[in-house]
Every structure is written in C-alpha cells, then in structure tokens.
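Structure data (compact mmCIF, C-alpha atoms) from start-v9.txt:
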# COMPACT_ATOMS: atom_id res chain seq x y z
CA MET A 1175 119.72 91.02 97.89
CA ILE A 1176 118.80 88.71 95.02
CA SER A 1177 115.97 88.53 92.52
CA GLN A 1178 112.66 87.01 93.55
CA ARG A 1179 112.99 84.39 90.83
CA LEU A 1180 116.38 83.20 92.10
CA ASP A 1181 115.15 83.25 95.69
CA ASP A 1182 112.17 81.08 94.75
CA ALA A 1183 114.50 78.57 93.08
CA LEU A 1184 116.78 78.46 96.14
CA ASP A 1185 113.73 78.15 98.38
CA LYS A 1186 112.54 75.13 96.42
CA PHE A 1187 116.02 73.57 96.39
CA CYS A 1188 116.49 73.95 100.15
CA GLY A 1189 112.98 72.64 100.76
CA LEU A 1190 113.80 69.51 98.77
CA CYS A 1191 117.01 69.06 100.77
CA LEU A 1192 115.03 69.17 104.00
CA ARG A 1193 112.36 66.85 102.66
CA ASP A 1194 114.75 64.22 101.33
CA HIS A 1195 117.69 64.37 103.74
CA ILE A 1196 116.49 65.67 107.13
CA TYR A 1197 112.77 65.09 107.67
CA PRO A 1198 112.80 61.30 107.04
CA TRP A 1199 115.11 60.46 109.93
CA LEU A 1200 114.40 63.44 112.19
CA SER A 1201 110.66 62.71 112.31
CA THR A 1202 111.41 59.28 113.81
CA ILE A 1203 113.39 60.85 116.65
CA THR A 1204 111.53 64.01 117.64
CA HIS A 1205 108.77 66.39 116.65
CA ASP A 1206 110.77 69.44 117.72
CA ASP A 1207 111.79 71.40 114.64
CA SER A 1208 114.69 73.24 116.31
CA LEU A 1209 117.19 71.33 114.19
CA VAL A 1210 115.23 72.20 111.06
CA LEU A 1211 115.34 75.88 111.99
CA GLU A 1212 119.10 75.70 112.53
CA ALA A 1213 119.51 73.92 109.20
CA LYS A 1214 117.53 76.66 107.46
CA LEU A 1215 119.73 79.36 108.96
CA ILE A 1216 122.86 77.45 107.95
CA PHE A 1217 121.55 77.07 104.39
CA ARG A 1218 120.88 80.80 104.28
CA PHE A 1219 124.33 81.68 105.62
CA LEU A 1220 126.05 79.23 103.27
CA LEU A 1221 124.23 80.31 100.12
CA GLY A 1222 124.58 83.98 101.01
CA THR A 1223 128.33 83.54 101.43
CA VAL A 1224 128.67 81.64 98.16
CA ILE A 1225 126.62 84.16 96.17
CA ARG A 1226 128.54 87.09 97.66
CA ARG A 1227 131.85 85.52 96.67
CA LEU A 1228 130.59 84.59 93.21
CA HIS A 1229 129.98 88.27 92.55
CA ASN A 1230 133.77 88.71 92.66
CA VAL A 1231 134.37 85.99 90.05
CA ASP A 1232 134.77 86.89 86.39
CA LEU A 1233 132.53 84.20 84.92
CA ASN A 1234 133.51 84.94 81.33
CA ALA A 1235 137.22 84.62 82.09
CA PHE A 1236 136.66 81.43 84.08
CA ILE A 1237 134.72 79.75 81.27
CA THR A 1238 136.83 80.91 78.32
CA GLU A 1239 140.28 80.81 79.90
CA ARG A 1240 140.06 77.84 82.26
CA LEU A 1241 137.02 75.63 81.69
CA LEU A 1242 136.87 75.47 77.89
CA PRO A 1243 140.63 74.79 77.42
CA LEU A 1244 140.35 71.87 79.84
CA ILE A 1245 137.35 70.50 77.96
CA PHE A 1246 139.15 70.76 74.61
CA GLN A 1247 142.25 69.17 76.10
CA THR A 1248 140.16 66.28 77.42
CA CYS A 1249 138.51 65.80 74.02
CA ASP A 1250 141.91 65.78 72.33
CA ARG A 1251 143.21 63.17 74.74
CA TYR A 1252 140.11 61.05 74.27
CA ILE A 1253 140.40 61.09 70.47
CA HIS A 1254 144.12 60.30 70.58
CA ILE A 1255 143.71 57.35 72.98
CA ARG A 1256 140.76 55.94 71.03
CA GLU A 1257 142.80 56.00 67.84
CA THR A 1258 145.89 54.35 69.31
CA HIS A 1259 144.53 51.95 71.93
CA SER A 1260 141.61 49.63 72.46
CA PHE A 1261 140.11 49.06 75.91
CA ASN A 1262 137.16 47.05 77.10
CA ASP A 1263 137.30 48.44 80.63
CA SER A 1264 136.22 52.08 80.97
CA THR A 1265 138.22 52.51 84.19
CA GLU A 1266 141.43 51.39 82.53
CA PHE A 1267 140.67 53.66 79.58
CA VAL A 1268 140.31 56.71 81.84
CA ARG A 1269 143.54 55.91 83.68
CA LYS A 1270 145.38 55.52 80.40
CA MET A 1271 143.97 58.78 79.08
CA TYR A 1272 144.82 60.94 82.09
CA LYS A 1273 147.87 59.05 83.40
CA VAL A 1274 149.43 61.11 86.22
CA ASP A 1275 146.84 63.88 85.73
CA LEU A 1276 144.00 61.65 86.90
CA HIS A 1277 142.32 63.32 89.86
CA ILE A 1278 141.89 61.28 93.02
CA VAL A 1279 138.09 61.52 92.87
CA MET A 1280 138.13 59.61 89.57
CA HIS A 1281 139.48 56.44 91.15
CA ASN A 1282 136.25 55.29 92.78
CA ARG A 1283 133.12 56.53 94.53
CA GLN A 1284 134.61 56.32 98.00
CA SER A 1285 137.58 58.44 96.98
CA GLU A 1286 135.17 61.03 95.64
CA LEU A 1287 133.22 61.10 98.90
CA ASN A 1288 136.39 61.37 100.99
CA TYR A 1289 137.62 64.24 98.86
CA LEU A 1290 134.31 66.09 99.15
CA LYS A 1291 134.33 65.63 102.92
CA ARG A 1292 137.83 67.08 103.19
CA LEU A 1293 136.79 69.93 100.92
CA VAL A 1294 133.75 70.77 103.04
CA ILE A 1295 135.79 70.60 106.25
CA SER A 1296 138.42 72.95 104.82
CA LEU A 1297 135.73 75.41 103.72
CA MET A 1298 133.78 75.19 106.98
CA PRO A 1299 135.23 78.40 108.50
CA ILE A 1300 133.97 80.28 105.43
CA ILE A 1301 130.62 78.68 104.67
CA ALA A 1302 129.35 78.11 108.22
CA PRO A 1303 128.77 80.44 111.17
CA LYS A 1304 131.51 80.41 113.79
CA LEU A 1305 129.24 78.86 116.40
CA ILE A 1306 128.50 75.94 114.08
CA TYR A 1307 132.12 75.51 113.08
CA ASN A 1308 133.26 75.35 116.71
CA CYS A 1309 130.81 72.52 117.47
CA LYS A 1310 132.18 69.10 116.50
CA ALA A 1311 128.75 67.50 116.19
CA ALA A 1312 127.45 70.34 114.03
CA ARG A 1313 130.54 70.17 111.80
CA HIS A 1314 130.09 66.44 111.31
CA PHE A 1315 126.36 66.81 110.60
CA LEU A 1316 126.93 69.58 108.07
CA CYS A 1317 129.78 67.71 106.41
CA GLU A 1318 127.74 64.53 106.00
CA LEU A 1319 124.74 66.46 104.71
CA LEU A 1320 126.66 68.53 102.17
CA ALA A 1321 129.22 66.00 100.98
CA CYS A 1322 127.34 62.69 101.10
CA GLN A 1323 123.88 63.91 100.12
CA ILE A 1324 123.78 67.26 98.35
CA LEU A 1325 127.13 67.71 96.60
CA ILE A 1326 127.54 64.14 95.38
CA ASP A 1327 124.07 64.13 93.82
CA GLY A 1328 124.52 67.64 92.47
CA ILE A 1329 127.79 66.76 90.75
CA ASP A 1330 126.22 63.68 89.18
CA ALA A 1331 123.34 65.79 87.86
CA VAL A 1332 125.50 68.62 86.50
CA CYS A 1333 127.90 66.21 84.78
CA GLN A 1334 125.14 64.71 82.68
CA PRO A 1335 125.82 65.51 78.98
CA ASN A 1336 122.37 67.01 78.43
CA THR A 1337 122.79 69.29 81.43
CA LEU A 1338 126.24 70.47 80.34
CA ASN A 1339 125.04 71.10 76.80
CA ARG A 1340 122.09 73.08 78.11
CA LEU A 1341 124.28 75.21 80.38
CA PHE A 1342 126.75 75.99 77.61
CA TYR A 1343 123.92 76.78 75.21
CA LEU A 1344 122.38 79.24 77.65
CA TYR A 1345 125.74 80.85 78.40
CA PHE A 1346 126.81 81.36 74.79
CA THR A 1347 123.33 82.46 73.72
CA ASN A 1348 123.26 85.15 76.40
CA ALA A 1349 126.85 86.15 75.63
CA ILE A 1350 126.06 86.61 71.93
CA GLN A 1351 122.96 88.65 72.73
CA ARG A 1352 124.92 90.90 75.07
CA ARG A 1353 127.66 91.42 72.48
CA GLN A 1354 125.13 92.27 69.78
CA GLY A 1355 123.35 94.64 72.12
CA ASN A 1356 120.07 92.79 71.85
CA SER A 1357 119.61 92.25 75.56
CA LYS A 1358 117.54 95.15 76.81
CA PRO A 1359 117.10 95.71 80.54
CA LYS A 1360 113.87 94.17 81.68
CA PRO A 1361 111.36 96.43 83.40
CA PRO A 1362 111.03 95.78 87.13
CA THR A 1363 108.47 93.11 87.82
CA GLU A 1364 107.55 90.95 90.77
CA SER A 1365 109.71 88.08 89.47
CA ASN A 1366 112.93 90.10 89.27
CA ALA A 1367 112.38 92.36 92.29
CA ALA A 1368 115.21 92.29 94.84
CA VAL A 1369 114.53 90.39 98.06
CA GLU A 1370 116.56 89.12 100.98
CA ILE A 1371 117.91 85.66 100.34
CA LEU A 1372 115.72 82.86 101.73
CA SER A 1373 113.83 85.19 104.06
CA HIS A 1374 110.53 83.46 103.32
CA PHE A 1375 112.15 80.03 103.58
CA CYS A 1376 113.46 80.72 107.09
CA ALA A 1377 110.19 82.27 108.24
CA THR A 1378 107.88 79.42 107.27
CA ASN A 1379 107.26 76.41 109.48
CA GLY A 1380 108.29 72.95 108.40
CA SER A 1381 106.32 69.73 108.42
CA LEU A 1382 107.42 69.02 112.00
CA HIS A 1383 105.62 70.64 114.89
CA LYS A 1384 107.19 72.87 117.46
CA ASN A 1385 107.75 71.31 120.84
CA LYS A 1386 104.93 72.38 123.14
CA LEU A 1387 107.42 72.54 126.02
CA ALA A 1388 109.47 75.23 124.25
CA ILE A 1389 109.91 78.39 126.30
CA ASP A 1390 108.63 81.72 125.02
CA PHE A 1391 110.90 84.73 124.99
CA THR A 1392 108.79 86.48 127.61
CA ASP A 1393 109.43 83.58 129.99
CA VAL A 1394 113.15 84.00 129.46
CA MET A 1395 112.98 87.73 130.13
CA TYR A 1396 111.37 87.28 133.55
CA GLU A 1397 113.38 84.25 134.68
CA LYS A 1398 116.69 85.39 136.18
CA GLU A 1399 118.62 82.17 135.56
CA LEU A 1400 117.40 81.79 131.99
CA MET A 1401 118.10 85.44 131.32
CA SER A 1402 121.66 85.00 132.52
CA LYS A 1403 122.24 82.07 130.15
CA PHE A 1404 120.59 83.96 127.31
CA SER A 1405 122.83 86.97 127.93
CA ILE A 1406 125.90 84.75 127.64
CA VAL A 1407 124.72 83.50 124.24
CA LEU A 1408 124.04 87.03 123.01
CA ASP A 1409 127.42 88.20 124.25
CA ARG A 1410 129.08 85.34 122.37
CA HIS A 1411 127.51 86.64 119.17
CA GLY A 1412 128.31 90.25 119.99
CA SER A 1413 124.60 91.10 120.20
CA LEU A 1414 124.20 91.84 123.89
CA GLY A 1415 122.99 95.33 123.05
CA LEU A 1416 119.78 93.87 121.61
CA LEU A 1417 118.47 93.32 125.14
CA SER A 1418 118.16 97.07 125.59
CA ILE A 1419 115.39 97.06 122.97
CA TYR A 1420 113.21 94.93 125.21
Any chance you could put this one into structure tokens?
Amino acid sequence: MISQRLDDALDKFCGLCLRDHIYPWLSTITHDDSLVLEAKLIFRFLLGTVIRRLHNVDLNAFITERLLPLIFQTCDRYIHIRETHSFNDSTEFVRKMYKVDLHIVMHNRQSELNYLKRLVISLMPIIAPKLIYNCKAARHFLCELLACQILIDGIDAVCQPNTLNRLFYLYFTNAIQRRQGNSKPKPPTESNAAVEILSHFCATNGSLHKNKLAIDFTDVMYEKELMSKFSIVLDRHGSLGLLSIY
C-alpha cells in the first residue's frame, strides 16, 4: 500500500512510458492491447518489488555514509586535477581524474547501454514475474524497454545539476525539520490515503482497442479444450483453486 499522491505520480510516469515507448510502434502492428495489459502488470510488479525492497534501506545511512563521501571525493579530485593539469578534451580530463577508478559506463554511450542491459538481465529474476523471466522474447523486450528507453533517459535527467541540487535540498530540509521536531503528522486526506499500487493504472483501458475476436471468460468455461489449456496456465501459477469459485 502506498499513498494516493505517490500512486498518481507512478500512474503518470507509467502512462508516459506507454505513450512514448510502446504505443507508437505497437499501433502500427496491431490494435489488440494484450501487450499493453501485460506491460502494465509488469510495471506494477516491478515497481511494487522495488518499493518493498526500498523500505528495507536506511536512506539516511546511504546518503551520509556512502553517497556524500563519494561526492566530496569527486570534488576533491576535480579541484586537484584542475590545479595541476590543463585539458581541452573533457573525456581525457575525466580519465585523468578517475584513472583506474573510472567506471566502464563512463567510457562512452554504448558502454553505458551495455552495462544497463547486463544489469537488467541480472535483476530480471527479482523484478519480473517468473513467467516473464522464463520467456526469452519477454526478457529481451523488457530489457530493451528498461535499459535503452527508461533507465538511460532517467539517469540523464537525474544527473542534471539542477535536479541533484533540488533533491539534496529537499532531503536536508526534511531532515532538519524532523530533527527539530517541526514535522507534525499530517491529518489523513484523500491525497495521502493508502491505496494499492497502480490499481487504477492497470484497470483503465489504453488508447488501443481490444481485439473484437478476443474470447470471453464464459466461452472458456464452457469449451472443454480451452478450459483444459486454461487450467494448465492456472496450475503453472499455483492458482488452480480459483476455478472452484466459478
């Protein structure tokens, strides 16, 4: 469960991902929104997993003990290199500053993309449902979508100086208010009420239309062969008992 305000933000973000990275090419192939529905469920599973794991992270310790020391170390290196060397090429300057500590993603854009792809593939068993992970085509689709479209643009946006300054300002402002005891618990309102993550996002229809040849559930229930196939799928997910409800 997350706040309504956070859910609305995630809903808008996922909607933009569909609009910019899935609808443009999918609409030229088919008007069946089955893929869109699967993408919505994957987004929900992925974000739910990430948020659940973030709850176990000590954000204060991460920022003060790991992130800030690295930032100060980078600033110190930058000042030292600027005082002792002169470079016209920014790439050569970065390599001289970091030397052997230069991360592989800093070499060029392609190296960054390759690293993100390997990262997504290694995290696939955690961030994706098992059925998606076991499908090679689904793994490739999800990897290309996350690494080459969403993550690469997100990293570029977050690394902008104004964005970083804004994030640090918000963090330290809230930290000071909490330490001074000025942050009072807000009364429950519609904006901070707890809701299921992306429930509205997964329930709404997209801009594509459902295939008119799609089979209704009642047709599956009364067709022996379809029911047999459907039972196999439910059994694979460990949900065969749901049939007893109907």
Of A:Glu1397, A:Asp1181, A:Asp1250, A:Glu1318, the one sitting nearest His1195 of chain A when using only C-alpha atoms is A:Glu1318
Separating atom CA of Met1401 of chain A from atom CA of Thr1204 of chain A, to the nearest tenth of an Å, is a gap of 26.3 Å
Using all atoms listed in the file, the residue out of A:Thr1265, A:Lys1310, A:Gln1351, A:Met1298 with shortest distance to Asn1282 of chain A is A:Thr1265
Produce a table with one row for each residue of segment 1300-1375 of chain A that has an atom at most 10 Å from any atom of segment 1233-1248 of chain A, each row naming the nearest atom pair and its distance in Å at one decimal; use only C-alpha atoms; arrange rows by chain and rising residue number; format as CSV.
residue,atom,partner,partner_atom,distance
A:Phe1342,CA,A:Ile1237,CA,9.5
A:Tyr1345,CA,A:Asn1234,CA,9.3
A:Ala1349,CA,A:Asn1234,CA,8.8
- Query: Got a sec: who's within 10 Å of Leu1316 of chain A, counting all atoms listed in the file, leaving out chain neighbours fewer than 4 positions off, as an MDAnalysis selection string?
  - Reply: chainID A and resid 1213 1216:1217 1291 1294:1295 1298 1302 1306:1307 1310:1312 1320:1322
One decimal place gives the atom CA of Leu1325 of chain A-atom CA of Leu1287 of chain A separation as 9.3 Å
note - atom CA of Ile1278 of chain A and atom CA of Ile1329 of chain A are separated by 15.3 Å
Residue with the minimum atom-to-atom distance to Gly1328 of chain A, picked from A:Leu1228, A:Leu1305, A:Phe1187, A:His1314 with all atoms listed in the file counted, is A:Phe1187
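Among the candidates A:Val1268, A:Asp1330, A:His1374, A:Arg1226, the residue lying nearest to Arg1283 of chain A is A:Asp1330 (atoms considered: all atoms listed in the file).
For the set A:Ala1331, A:Leu1293, A:Ile1301, A:Leu1417, the residue with the smallest atom-to-atom gap to Ile1225 of chain A is A:Ile1301, counting all atoms listed in the file.
Taking all atoms listed in the file into account, Asp1207 of chain A lies nearest to A:Thr1378 out of the set A:Tyr1289, A:Leu1190, A:Thr1378, A:Gln1354.
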